[in-house]
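K.L.:
Here you go, one structure.
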Amino acid sequence: SASCLVTLARLLAWLSPRGDAVAAVPPVELTLPAPAAGWQAVPVESLSYWPEYRGFRAEARAAYRQDDGSAPVGVYVAWFAGQDEQHEMVGWGNSLVLAESGERVLMTNQFVARTPGEVRELKMIAQGKRLALWQWYRIGEHVLAKDNPAKLRIGLTRLAGQPDASAVIVLTTPDAELEPEAANIRLAAFWQAHGAALTQTLAKLDARMAGAGQ
């Protein structure tokens with residue numbers, strides 16, 4: 001049950017190492033992929049919303065647009081490692097909607113199978129503009145959308161003596177009320193063109209963390 005998962009996740013977090021893991025985190029730089037063929041980079045100001053995560057070890061954001069001039073796609077990635085109370089990916093204060101500034105209204109929130117795997121799919125209004133978002137966690141080779149299973153996976157990774165390197169990925173694009181699936185098609189096209197390169201980048205960061213722990 002959900003309550004059992006929460007209890008187990010908390011137990012695993014309590015058992016997991018803290019201070020030593022933090023000290024072992026090497027300096028890292030996160031660079032998002034260059035635009036693929038048929039895409040171009042655009043200013044990040046093209047999007048009215050960006051997530052506001054805390055405690056990450058590396059963070060990056062970029063905006064892309066297809067050459068046909070369609071609406072932009074924003075990609076935000078925050079990478080976490082050596083997680084403790086100040087550097088926790090799934091924890092209080094890390095939310096897509098609760099922000100310190102700007103008007104943000106959540107309209108829909110559901111879990112759906114999309115191109116990367118299961119994602120949290122949201123429709124929201126930010127600064128008066130409609131947006132569609134996909135959000136998910138990458139923990140090793142696992143793609144997870146829900147918070148409690150993600151915390152459980154991180155706890156199991158720690159108990160196995162492995163680094164807890166993980167990432168949250170958010171894709172966003174303007175949403176047209178009269179064409180509700182157009183935004184999802186655009187996000188899927190972006191991930192089809194850039195997903196492999198981004199996954200490889202995160203895998204390299206994870207491997208660097210694993211090497212630092214040896």
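In the structure tokens, chains take the letters A, B, ... in the order shown, each chain's residues start at 1, and ligands count up from 1 in the order shown.
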Using only C-alpha atoms, which residues sit within 6 Å of segment 113-122 of chain A once same-chain residues fewer than 4 positions away are excluded, as a list of chain:residue names?

P.N.:
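Result of the neighbour search: A:Thr108, A:Asn109, A:Ala132, A:Leu133, A:Trp134, A:Gln135, A:Trp136, A:Ala145, A:Ala188.
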
K.L.:
Using only C-alpha atoms, determine which residues lie at most 10 Å from Ser48 of chain A, disregarding the query and same-chain residues fewer than 5 positions distant; provide the list as a ChimeraX atom specification.

P.N.:
/A:74,102,125-131,172-174

K.L.:
Go through A:Val42, A:Val168, A:Ala71, A:Leu32 and flag the residue nearest Arg54 of chain A, using only C-alpha atoms for the distances.

P.N.:
A:Val168

K.L.:
Using only C-alpha atoms, pick whichever of A:Val75, A:Leu178, A:Ala189, A:Ala34 has the shortest atom-to-atom distance to Tyr49 of chain A.

P.N.:
A:Val75

K.L.:
Check the smallest atom-to-atom distance from each of A:Lys204, A:Ala210, A:Gly69, A:Asp147 to Phe111 of chain A using only C-alpha atoms, then report the winner.

P.N.:
A:Asp147

K.L.:
Identify all residues of segment 76-187 of chain A in alpha helix (DSSP H) (DSSP on the backbone) and supply them as a ChimeraX atom specification.

P.N.:
/A:147-159,182-187

K.L.:
Rounded to one decimal, what separation in Å do you get between atom CA of Ala81 of chain A and atom CA of Asp164 of chain A?

P.N.:
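Pair atom CA of Ala81 of chain A / atom CA of Asp164 of chain A returns 5.6 Å.
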
K.L.:
Give me every strand (DSSP E or B) residue in chain A, going by DSSP on the backbone, as a PyMOL selection string.

P.N.:
chain A and resi 39-42+58-66+73-80+104-114+117-126+129-139+142-144+166-174+176+179
